[in-house]
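Participant: For reference, the file entry-v1.cif (mmCIF, C-alpha atoms and all ligand atoms) is included below:
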data_upload
loop_
_atom_site.group_PDB
_atom_site.id
_atom_site.type_symbol
_atom_site.label_atom_id
_atom_site.label_comp_id
_atom_site.auth_asym_id
_atom_site.auth_seq_id
_atom_site.Cartn_x
_atom_site.Cartn_y
_atom_site.Cartn_z
ATOM 1 C CA MET A 1 74.130 103.433 91.138
ATOM 2 C CA ARG A 2 76.655 101.350 92.997
ATOM 3 C CA LYS A 3 79.402 102.976 95.036
ATOM 4 C CA ILE A 4 83.091 102.273 95.540
ATOM 5 C CA TRP A 5 84.587 103.394 98.825
ATOM 6 C CA LEU A 6 88.335 103.712 99.260
ATOM 7 C CA THR A 7 89.992 104.127 102.613
ATOM 8 C CA ARG A 8 93.412 103.728 104.116
ATOM 9 C CA HIS A 9 93.594 101.624 107.274
ATOM 10 C CA GLY A 10 93.251 103.474 110.566
ATOM 11 C CA GLU A 11 96.479 104.954 111.882
ATOM 12 C CA SER A 12 98.973 102.187 112.659
ATOM 13 C CA GLU A 13 101.725 101.924 115.252
ATOM 14 C CA TYR A 14 104.220 102.319 112.367
ATOM 15 C CA ASN A 15 102.407 105.491 111.196
ATOM 16 C CA GLU A 16 102.775 106.912 114.703
ATOM 17 C CA ARG A 17 106.543 106.441 114.431
ATOM 18 C CA ALA A 18 106.734 107.452 110.727
ATOM 19 C CA LEU A 19 108.128 104.022 109.782
ATOM 20 C CA LEU A 20 107.638 102.560 106.310
ATOM 21 C CA GLY A 21 105.936 99.245 105.611
ATOM 22 C CA GLY A 22 105.805 96.581 108.316
ATOM 23 C CA ASP A 23 102.772 94.747 109.611
ATOM 24 C CA SER A 24 101.907 96.656 112.767
ATOM 25 C CA ASN A 25 98.593 96.926 114.596
ATOM 26 C CA ILE A 26 96.367 99.974 114.442
ATOM 27 C CA SER A 27 96.918 102.609 117.138
ATOM 28 C CA PRO A 28 94.225 103.873 119.568
ATOM 29 C CA ALA A 29 93.390 106.631 117.028
ATOM 30 C CA GLY A 30 93.172 103.972 114.315
ATOM 31 C CA GLN A 31 90.803 101.956 116.489
ATOM 32 C CA ILE A 32 88.502 104.953 116.835
ATOM 33 C CA TYR A 33 88.421 105.276 113.047
ATOM 34 C CA ALA A 34 87.609 101.553 112.758
ATOM 35 C CA ARG A 35 84.721 102.006 115.201
ATOM 36 C CA LEU A 36 83.282 105.033 113.366
ATOM 37 C CA LEU A 37 83.555 103.658 109.839
ATOM 38 C CA PRO A 38 80.636 101.171 109.832
ATOM 39 C CA ASP A 39 77.864 103.708 110.601
ATOM 40 C CA VAL A 40 79.146 106.173 108.025
ATOM 41 C CA ILE A 41 79.214 103.525 105.306
ATOM 42 C CA VAL A 42 75.878 101.942 106.284
ATOM 43 C CA ASP A 43 74.222 105.386 106.037
ATOM 44 C CA ARG A 44 75.566 105.803 102.508
ATOM 45 C CA ILE A 45 74.567 102.454 100.976
ATOM 46 C CA PRO A 46 72.526 103.162 97.844
ATOM 47 C CA LEU A 47 69.134 101.547 97.176
ATOM 48 C CA THR A 48 68.383 99.179 94.294
ATOM 49 C CA LEU A 49 65.555 100.009 91.854
ATOM 50 C CA GLU A 50 63.367 97.763 94.014
ATOM 51 C CA GLY A 51 64.142 99.874 97.090
ATOM 52 C CA ALA A 52 66.381 97.371 98.882
ATOM 53 C CA THR A 53 69.849 98.308 100.100
ATOM 54 C CA MET A 54 72.566 97.202 97.701
ATOM 55 C CA PRO A 55 74.888 94.401 98.779
ATOM 56 C CA VAL A 56 78.321 95.526 99.938
ATOM 57 C CA SER A 57 81.576 93.612 100.139
ATOM 58 C CA VAL A 58 84.789 94.626 101.862
ATOM 59 C CA TRP A 59 88.229 94.028 100.385
ATOM 60 C CA THR A 60 91.323 94.358 102.537
ATOM 61 C CA SER A 61 94.988 93.586 102.086
ATOM 62 C CA THR A 62 96.528 90.676 103.990
ATOM 63 C CA LEU A 63 98.164 93.070 106.491
ATOM 64 C CA ARG A 64 96.909 93.455 110.055
ATOM 65 C CA ARG A 65 96.193 97.149 109.881
ATOM 66 C CA THR A 66 93.611 96.826 107.094
ATOM 67 C CA ILE A 67 92.026 93.691 108.558
ATOM 68 C CA GLN A 68 91.665 95.382 111.965
ATOM 69 C CA THR A 69 90.223 98.531 110.382
ATOM 70 C CA ALA A 70 87.591 96.485 108.520
ATOM 71 C CA GLU A 71 86.749 94.203 111.426
ATOM 72 C CA LEU A 72 83.504 95.905 112.477
ATOM 73 C CA LEU A 73 82.141 96.419 108.964
ATOM 74 C CA PRO A 74 79.044 94.199 108.804
ATOM 75 C CA PHE A 75 79.670 92.847 105.287
ATOM 76 C CA PRO A 76 81.410 89.852 103.680
ATOM 77 C CA LYS A 77 85.189 90.296 103.482
ATOM 78 C CA LEU A 78 87.877 89.274 101.071
ATOM 79 C CA ARG A 79 91.666 89.536 101.560
ATOM 80 C CA TRP A 80 93.848 90.374 98.577
ATOM 81 C CA LYS A 81 97.637 90.014 98.645
ATOM 82 C CA ALA A 82 97.618 92.396 95.664
ATOM 83 C CA LEU A 83 96.288 95.114 98.018
ATOM 84 C CA ASP A 84 99.339 94.904 100.335
ATOM 85 C CA GLU A 85 101.341 98.144 100.626
ATOM 86 C CA ILE A 86 104.228 98.931 98.263
ATOM 87 C CA GLN A 87 107.233 96.875 99.372
ATOM 88 C CA ALA A 88 110.027 99.127 100.576
ATOM 89 C CA GLY A 89 112.498 96.207 100.320
ATOM 90 C CA ILE A 90 115.671 96.802 102.346
ATOM 91 C CA PHE A 91 114.096 99.997 103.745
ATOM 92 C CA ASP A 92 111.098 98.293 105.310
ATOM 93 C CA GLY A 93 110.817 99.620 108.883
ATOM 94 C CA TRP A 94 112.976 102.705 108.173
ATOM 95 C CA THR A 95 111.956 106.384 108.248
ATOM 96 C CA TYR A 96 112.416 108.697 105.247
ATOM 97 C CA GLU A 97 115.000 110.603 107.309
ATOM 98 C CA GLU A 98 117.056 107.451 107.888
ATOM 99 C CA ILE A 99 117.039 106.673 104.175
ATOM 100 C CA ALA A 100 118.073 110.253 103.320
ATOM 101 C CA ASP A 101 120.812 110.097 105.922
ATOM 102 C CA LYS A 102 122.283 106.639 105.237
ATOM 103 C CA HIS A 103 121.453 106.230 101.519
ATOM 104 C CA PRO A 104 121.166 109.741 100.077
ATOM 105 C CA GLU A 105 121.604 108.399 96.516
ATOM 106 C CA GLU A 106 118.538 106.144 96.896
ATOM 107 C CA TYR A 107 116.553 108.951 98.506
ATOM 108 C CA ALA A 108 117.448 111.316 95.658
ATOM 109 C CA ALA A 109 116.669 108.698 92.998
ATOM 110 C CA ARG A 110 113.173 108.191 94.398
ATOM 111 C CA LYS A 111 112.600 111.916 94.615
ATOM 112 C CA ARG A 112 113.679 112.291 90.977
ATOM 113 C CA ASP A 113 111.370 109.601 89.601
ATOM 114 C CA LYS A 114 108.992 108.338 92.255
ATOM 115 C CA LEU A 115 106.884 106.497 89.669
ATOM 116 C CA ARG A 116 109.707 104.300 88.335
ATOM 117 C CA TYR A 117 112.053 104.153 91.335
ATOM 118 C CA ARG A 118 112.185 100.592 92.627
ATOM 119 C CA TYR A 119 113.278 100.064 96.245
ATOM 120 C CA PRO A 120 116.242 97.641 96.421
ATOM 121 C CA SER A 121 114.608 94.202 96.866
ATOM 122 C CA GLY A 122 111.239 95.970 96.790
ATOM 123 C CA GLU A 123 108.801 97.606 94.409
ATOM 124 C CA SER A 124 108.174 100.743 92.369
ATOM 125 C CA TYR A 125 104.839 102.460 91.815
ATOM 126 C CA MET A 126 104.872 100.945 88.312
ATOM 127 C CA ASP A 127 105.180 97.480 89.906
ATOM 128 C CA VAL A 128 102.253 98.269 92.199
ATOM 129 C CA ILE A 129 100.111 99.560 89.338
ATOM 130 C CA GLN A 130 100.782 96.354 87.434
ATOM 131 C CA ARG A 131 99.966 94.020 90.318
ATOM 132 C CA LEU A 132 96.691 95.869 90.917
ATOM 133 C CA GLU A 133 95.380 95.016 87.458
ATOM 134 C CA PRO A 134 93.395 91.926 88.591
ATOM 135 C CA VAL A 135 91.871 93.919 91.463
ATOM 136 C CA ILE A 136 90.761 96.658 89.068
ATOM 137 C CA ILE A 137 89.257 94.103 86.692
ATOM 138 C CA GLU A 138 87.281 92.583 89.592
ATOM 139 C CA ILE A 139 86.089 95.964 90.873
ATOM 140 C CA GLU A 140 84.855 96.836 87.391
ATOM 141 C CA ARG A 141 83.161 93.460 86.962
ATOM 142 C CA GLU A 142 81.506 93.655 90.407
ATOM 143 C CA ARG A 143 77.840 94.767 90.551
ATOM 144 C CA GLU A 144 77.850 95.262 94.315
ATOM 145 C CA CYS A 145 79.263 98.167 96.279
ATOM 146 C CA VAL A 146 82.854 97.601 97.361
ATOM 147 C CA VAL A 147 84.771 99.023 100.322
ATOM 148 C CA VAL A 148 88.514 98.829 99.669
ATOM 149 C CA VAL A 149 90.527 99.141 102.898
ATOM 150 C CA ALA A 150 94.148 99.405 101.817
ATOM 151 C CA HIS A 151 97.285 101.528 101.956
ATOM 152 C CA GLN A 152 98.630 104.861 100.761
ATOM 153 C CA ALA A 153 100.495 103.747 97.610
ATOM 154 C CA ILE A 154 97.810 101.203 96.712
ATOM 155 C CA LEU A 155 95.001 103.728 96.996
ATOM 156 C CA ARG A 156 96.954 106.301 95.001
ATOM 157 C CA ALA A 157 97.153 103.739 92.202
ATOM 158 C CA LEU A 158 93.460 102.752 92.412
ATOM 159 C CA TYR A 159 92.228 106.320 92.779
ATOM 160 C CA GLY A 160 94.492 107.430 89.933
ATOM 161 C CA TYR A 161 93.031 104.736 87.691
ATOM 162 C CA PHE A 162 89.397 105.527 88.469
ATOM 163 C CA MET A 163 89.892 109.300 88.246
ATOM 164 C CA LYS A 164 92.001 109.029 85.069
ATOM 165 C CA ILE A 165 94.963 110.841 86.641
ATOM 166 C CA PRO A 166 98.188 110.903 84.565
ATOM 167 C CA LEU A 167 100.559 108.169 85.809
ATOM 168 C CA SER A 168 103.305 110.662 86.622
ATOM 169 C CA ASP A 169 101.020 112.369 89.175
ATOM 170 C CA VAL A 170 99.881 109.150 90.890
ATOM 171 C CA PRO A 171 102.753 108.793 93.427
ATOM 172 C CA ARG A 172 102.019 112.201 94.936
ATOM 173 C CA LEU A 173 98.233 112.081 95.193
ATOM 174 C CA GLU A 174 96.765 113.105 98.551
ATOM 175 C CA ILE A 175 95.217 110.079 100.238
ATOM 176 C CA PRO A 176 95.035 111.081 103.917
ATOM 177 C CA LEU A 177 94.437 108.772 106.861
ATOM 178 C CA HIS A 178 90.960 108.726 108.421
ATOM 179 C CA THR A 179 89.227 109.933 105.287
ATOM 180 C CA LEU A 180 86.652 107.926 103.364
ATOM 181 C CA ILE A 181 86.671 108.487 99.595
ATOM 182 C CA GLU A 182 83.354 107.729 97.928
ATOM 183 C CA LEU A 183 83.356 107.178 94.162
ATOM 184 C CA VAL A 184 80.128 106.896 92.191
ATOM 185 C CA PRO A 185 80.229 105.986 88.480
ATOM 186 C CA THR A 186 78.321 108.563 86.430
ATOM 187 C CA PRO A 187 76.537 107.901 83.099
ATOM 188 C CA ASP A 188 79.285 109.733 81.149
ATOM 189 C CA GLY A 189 81.845 107.128 82.287
ATOM 190 C CA ARG A 190 83.485 109.353 84.895
ATOM 191 C CA MET A 191 83.476 109.034 88.666
ATOM 192 C CA ALA A 192 81.861 111.532 91.003
ATOM 193 C CA GLU A 193 83.915 111.861 94.162
ATOM 194 C CA GLU A 194 83.158 112.838 97.723
ATOM 195 C CA ARG A 195 85.691 112.867 100.560
ATOM 196 C CA ILE A 196 84.429 112.338 104.080
ATOM 197 C CA PRO A 197 87.070 113.282 106.678
ATOM 198 C CA PHE A 198 86.622 111.864 110.203
ATOM 199 C CA ASN A 199 87.862 114.603 112.484
HETATM 200 O O1 LIG A 201 103.930 105.829 105.467
HETATM 201 C C1 LIG A 201 102.876 104.962 105.250
HETATM 202 C C2 LIG A 201 103.081 104.203 103.964
HETATM 203 O O2 LIG A 201 101.957 103.409 103.730
HETATM 204 C C3 LIG A 201 104.349 103.331 103.946
HETATM 205 O O3 LIG A 201 104.194 102.041 104.470
HETATM 206 C C4 LIG A 201 104.688 103.320 102.476
HETATM 207 O O4 LIG A 201 106.008 102.945 102.219
HETATM 208 C C5 LIG A 201 104.362 104.739 102.103
HETATM 209 O O5 LIG A 201 103.239 105.113 102.876
HETATM 210 C C6 LIG A 201 104.032 104.935 100.645
HETATM 211 O O6 LIG A 201 103.984 106.312 100.379
HETATM 212 P P1 LIG A 201 105.195 107.004 99.595
HETATM 213 O O7 LIG A 201 105.208 106.312 98.254
HETATM 214 O O8 LIG A 201 104.808 108.446 99.511
HETATM 215 O O9 LIG A 201 106.475 106.778 100.339
#
Please re-express this file's structure in structure tokens.
Facilitator:
Amino acid sequence: MRKIWLTRHGESEYNERALLGGDSNISPAGQIYARLLPDVIVDRIPLTLEGATMPVSVWTSTLRRTIQTAELLPFPKLRWKALDEIQAGIFDGWTYEEIADKHPEEYAARKRDKLRYRYPSGESYMDVIQRLEPVIIEIERERECVVVVAHQAILRALYGYFMKIPLSDVPRLEIPLHTLIELVPTPDGRMAEERIPFN
């Protein structure tokens, strides 16, 4: 049975400073994650009925932090703009505290309805879920194993879809850094999940 692996990029310089969005590089801790990832995935590649290892492809966003995280994975790679992180619009590069401090009404509106709240000049989770539709169609059509190296909001949306999570719960799903999520389709149409933390 083929596998789908989901992972956030390794910790980025923006993560270190708790800043939203941006296109920063991965931090030293993120680089360690990027170095450890290939062996863990290679060890988990399933075999075909003929006993060969299944082909694997790696999908990243177009942002540096996912490309750098995937760099050492020894498989063909594809970059998807649709996998880029939720756009925080005018708040790109801000912290949550700055938003709460300078735009408490926006902060409160997002807290009230995180699924539908759209950042000014940016996106909502509903926007993200919609733009991920072609990616989901391709993942489902794919016969090979796929490693998706993406971002917090993006992986909440993908994970929520595959695990049939109610939409209202998607924006608060736990998708930690430095944790590989392995999904395996089961014959009853569900996904078996394993989480592999790298600590
Ligand atoms: O903090 C990392 C990050 O990927 C930000 O770039 C992004 O805005 C945020 O997570 C999305 O998570 P949330 O929807 O919980 O703010």
Participant: Which is closest to ligand LIG 201 (chain A) among A:Tyr119, A:Phe75, A:Trp80, A:Tyr33, if we use only C-alpha atoms and all ligand atoms?
Facilitator: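 Of the candidates, the smallest distance to ligand LIG 201 (chain A) is held by A:Tyr119.
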Participant: Could you tell me, counting all atoms listed in the file, which protein and nucleic acid residues lie no more than 6 Å from ligand LIG 201 (chain A), written as a PyMOL selection string?
Facilitator: chain A and resi 15+20-21+86+88+151-153+171
Participant: Which residue out of A:His178, A:Arg110, A:Lys3, A:Lys164 has the minimum interatomic distance to Gln31 in chain A when only C-alpha atoms are used?
Facilitator: A:His178
Participant: Run the PyMOL selection byres (((chain A and resi 45-54) around 12) and not hetatm) on the file and write out the hits as an MDAnalysis selection string.
Facilitator: chainID A and resid 1:5 38:44 55:57 75 143:147 182 184
Participant: Choose the residue, out of A:Leu63, A:Tyr159, A:Tyr96, A:Glu85, that has the smallest atom-to-atom separation from Glu123 in chain A; count all atoms listed in the file.
Facilitator: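 Closest residue, counting all atoms listed in the file: A:Glu85.
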Participant: Return the padded bounding box of range 21-28 of chain A as JSON: axis-aligned, built from all atoms listed in the file, 3 Å added on each side, with centre and edge lengths in Å to one decimal.
Facilitator:
{"center_x": 100.1, "center_y": 99.3, "center_z": 112.6, "size_x": 17.7, "size_y": 15.1, "size_z": 20.0}
Participant: Would you work out the distance separating CA of Lys114 in chain A from CA of Met126 in chain A, expressed in Å to one decimal?
Facilitator: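 The value is 9.3 Å.
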Participant: Please, what distance in Å, to one decimal, runs between CA of Ile196 in chain A and CA of Asp23 in chain A?
Facilitator: 26.0 Å
Participant: Could you pull range 81-116 of chain A out of the block above and give me N, CA, C and O atoms, as an mmCIF file, in the first residue's frame?
Facilitator:
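Okay, part.cif is ready:
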data_model
loop_
_atom_site.group_PDB
_atom_site.id
_atom_site.type_symbol
_atom_site.label_atom_id
_atom_site.label_comp_id
_atom_site.auth_asym_id
_atom_site.auth_seq_id
_atom_site.Cartn_x
_atom_site.Cartn_y
_atom_site.Cartn_z
ATOM 1 N N LYS A 81 2.946 26.111 -6.157
ATOM 2 C CA LYS A 81 2.559 27.410 -5.579
ATOM 3 C C LYS A 81 1.367 27.206 -4.624
ATOM 4 O O LYS A 81 1.245 27.891 -3.605
ATOM 5 N N ALA A 82 0.506 26.259 -4.989
ATOM 6 C CA ALA A 82 -0.692 26.003 -4.161
ATOM 7 C C ALA A 82 -0.324 25.498 -2.765
ATOM 8 O O ALA A 82 -1.166 25.493 -1.874
ATOM 9 N N LEU A 83 0.926 25.047 -2.578
ATOM 10 C CA LEU A 83 1.353 24.578 -1.249
ATOM 11 C C LEU A 83 1.981 25.695 -0.405
ATOM 12 O O LEU A 83 2.407 25.461 0.712
ATOM 13 N N ASP A 84 2.069 26.915 -0.959
ATOM 14 C CA ASP A 84 2.625 28.033 -0.168
ATOM 15 C C ASP A 84 1.738 28.307 1.063
ATOM 16 O O ASP A 84 0.526 28.066 1.021
ATOM 17 N N GLU A 85 2.354 28.833 2.111
ATOM 18 C CA GLU A 85 1.631 29.057 3.375
ATOM 19 C C GLU A 85 0.483 30.064 3.195
ATOM 20 O O GLU A 85 0.505 30.889 2.270
ATOM 21 N N ILE A 86 -0.490 29.979 4.077
ATOM 22 C CA ILE A 86 -1.606 30.946 4.077
ATOM 23 C C ILE A 86 -1.014 32.358 4.033
ATOM 24 O O ILE A 86 -0.029 32.651 4.724
ATOM 25 N N GLN A 87 -1.595 33.220 3.197
ATOM 26 C CA GLN A 87 -1.070 34.582 3.086
ATOM 27 C C GLN A 87 -1.673 35.443 4.191
ATOM 28 O O GLN A 87 -2.903 35.581 4.261
ATOM 29 N N ALA A 88 -0.790 36.008 5.001
ATOM 30 C CA ALA A 88 -1.255 36.840 6.119
ATOM 31 C C ALA A 88 -1.467 38.286 5.682
ATOM 32 O O ALA A 88 -1.752 39.161 6.514
ATOM 33 N N GLY A 89 -1.340 38.564 4.371
ATOM 34 C CA GLY A 89 -1.653 39.890 3.830
ATOM 35 C C GLY A 89 -0.859 40.997 4.509
ATOM 36 O O GLY A 89 0.366 40.905 4.622
ATOM 37 N N ILE A 90 -1.554 42.014 5.019
ATOM 38 C CA ILE A 90 -0.852 43.162 5.611
ATOM 39 C C ILE A 90 -0.098 42.768 6.888
ATOM 40 O O ILE A 90 0.736 43.522 7.372
ATOM 41 N N PHE A 91 -0.391 41.576 7.426
ATOM 42 C CA PHE A 91 0.283 41.145 8.660
ATOM 43 C C PHE A 91 1.466 40.201 8.407
ATOM 44 O O PHE A 91 2.034 39.652 9.359
ATOM 45 N N ASP A 92 1.825 40.050 7.158
ATOM 46 C CA ASP A 92 2.995 39.216 6.854
ATOM 47 C C ASP A 92 4.219 39.809 7.564
ATOM 48 O O ASP A 92 4.484 41.011 7.454
ATOM 49 N N GLY A 93 4.945 38.969 8.301
ATOM 50 C CA GLY A 93 6.138 39.451 9.016
ATOM 51 C C GLY A 93 5.834 39.986 10.415
ATOM 52 O O GLY A 93 6.737 40.426 11.116
ATOM 53 N N TRP A 94 4.574 39.959 10.827
ATOM 54 C CA TRP A 94 4.197 40.421 12.173
ATOM 55 C C TRP A 94 4.171 39.215 13.128
ATOM 56 O O TRP A 94 4.136 38.072 12.713
ATOM 57 N N THR A 95 4.106 39.509 14.440
ATOM 58 C CA THR A 95 3.832 38.463 15.432
ATOM 59 C C THR A 95 2.341 38.536 15.801
ATOM 60 O O THR A 95 1.697 39.564 15.557
ATOM 61 N N TYR A 96 1.828 37.469 16.415
ATOM 62 C CA TYR A 96 0.430 37.516 16.880
ATOM 63 C C TYR A 96 0.251 38.646 17.891
ATOM 64 O O TYR A 96 -0.780 39.316 17.910
ATOM 65 N N GLU A 97 1.272 38.837 18.741
ATOM 66 C CA GLU A 97 1.178 39.883 19.777
ATOM 67 C C GLU A 97 1.052 41.268 19.143
ATOM 68 O O GLU A 97 0.280 42.097 19.616
ATOM 69 N N GLU A 98 1.819 41.506 18.082
ATOM 70 C CA GLU A 98 1.730 42.815 17.411
ATOM 71 C C GLU A 98 0.344 43.036 16.820
ATOM 72 O O GLU A 98 -0.207 44.138 16.888
ATOM 73 N N ILE A 99 -0.216 41.980 16.251
ATOM 74 C CA ILE A 99 -1.564 42.116 15.664
ATOM 75 C C ILE A 99 -2.562 42.429 16.782
ATOM 76 O O ILE A 99 -3.378 43.351 16.663
ATOM 77 N N ALA A 100 -2.462 41.673 17.891
ATOM 78 C CA ALA A 100 -3.399 41.868 19.009
ATOM 79 C C ALA A 100 -3.268 43.283 19.574
ATOM 80 O O ALA A 100 -4.262 43.906 19.951
ATOM 81 N N ASP A 101 -2.052 43.781 19.571
ATOM 82 C CA ASP A 101 -1.778 45.088 20.151
ATOM 83 C C ASP A 101 -2.249 46.223 19.242
ATOM 84 O O ASP A 101 -2.941 47.149 19.673
ATOM 85 N N LYS A 102 -1.898 46.117 17.938
ATOM 86 C CA LYS A 102 -2.162 47.255 17.030
ATOM 87 C C LYS A 102 -3.501 47.132 16.306
ATOM 88 O O LYS A 102 -4.046 48.137 15.847
ATOM 89 N N HIS A 103 -3.996 45.903 16.144
ATOM 90 C CA HIS A 103 -5.288 45.696 15.456
ATOM 91 C C HIS A 103 -6.122 44.680 16.225
ATOM 92 O O HIS A 103 -6.421 43.593 15.713
ATOM 93 N N PRO A 104 -6.522 45.068 17.463
ATOM 94 C CA PRO A 104 -7.254 44.098 18.296
ATOM 95 C C PRO A 104 -8.540 43.592 17.642
ATOM 96 O O PRO A 104 -8.938 42.453 17.864
ATOM 97 N N GLU A 105 -9.166 44.446 16.794
ATOM 98 C CA GLU A 105 -10.431 44.017 16.157
ATOM 99 C C GLU A 105 -10.157 42.880 15.156
ATOM 100 O O GLU A 105 -10.939 41.938 15.054
ATOM 101 N N GLU A 106 -9.041 42.964 14.445
ATOM 102 C CA GLU A 106 -8.688 41.891 13.496
ATOM 103 C C GLU A 106 -8.327 40.619 14.268
ATOM 104 O O GLU A 106 -8.728 39.514 13.902
ATOM 105 N N TYR A 107 -7.568 40.795 15.331
ATOM 106 C CA TYR A 107 -7.154 39.653 16.151
ATOM 107 C C TYR A 107 -8.391 38.929 16.701
ATOM 108 O O TYR A 107 -8.507 37.700 16.627
ATOM 109 N N ALA A 108 -9.338 39.717 17.196
ATOM 110 C CA ALA A 108 -10.557 39.132 17.783
ATOM 111 C C ALA A 108 -11.400 38.457 16.701
ATOM 112 O O ALA A 108 -11.966 37.379 16.925
ATOM 113 N N ALA A 109 -11.453 39.073 15.521
ATOM 114 C CA ALA A 109 -12.266 38.495 14.435
ATOM 115 C C ALA A 109 -11.708 37.134 14.019
ATOM 116 O O ALA A 109 -12.454 36.181 13.774
ATOM 117 N N ARG A 110 -10.397 37.020 13.990
ATOM 118 C CA ARG A 110 -9.797 35.729 13.602
ATOM 119 C C ARG A 110 -10.054 34.694 14.692
ATOM 120 O O ARG A 110 -10.326 33.531 14.409
ATOM 121 N N LYS A 111 -9.947 35.131 15.921
ATOM 122 C CA LYS A 111 -10.175 34.208 17.037
ATOM 123 C C LYS A 111 -11.621 33.681 17.010
ATOM 124 O O LYS A 111 -11.877 32.507 17.266
ATOM 125 N N ARG A 112 -12.539 34.579 16.654
ATOM 126 C CA ARG A 112 -13.965 34.223 16.624
ATOM 127 C C ARG A 112 -14.270 33.200 15.536
ATOM 128 O O ARG A 112 -15.020 32.262 15.749
ATOM 129 N N ASP A 113 -13.686 33.388 14.360
ATOM 130 C CA ASP A 113 -14.000 32.496 13.235
ATOM 131 C C ASP A 113 -12.746 32.295 12.390
ATOM 132 O O ASP A 113 -12.597 32.851 11.312
ATOM 133 N N LYS A 114 -11.860 31.473 12.921
ATOM 134 C CA LYS A 114 -10.551 31.285 12.272
ATOM 135 C C LYS A 114 -10.695 30.657 10.884
ATOM 136 O O LYS A 114 -9.872 30.892 10.001
ATOM 137 N N LEU A 115 -11.758 29.868 10.694
ATOM 138 C CA LEU A 115 -11.945 29.214 9.393
ATOM 139 C C LEU A 115 -12.254 30.229 8.296
ATOM 140 O O LEU A 115 -11.707 30.178 7.206
ATOM 141 N N ARG A 116 -13.132 31.182 8.602
ATOM 142 C CA ARG A 116 -13.600 32.127 7.563
ATOM 143 C C ARG A 116 -12.871 33.465 7.585
ATOM 144 O O ARG A 116 -12.966 34.221 6.615
#
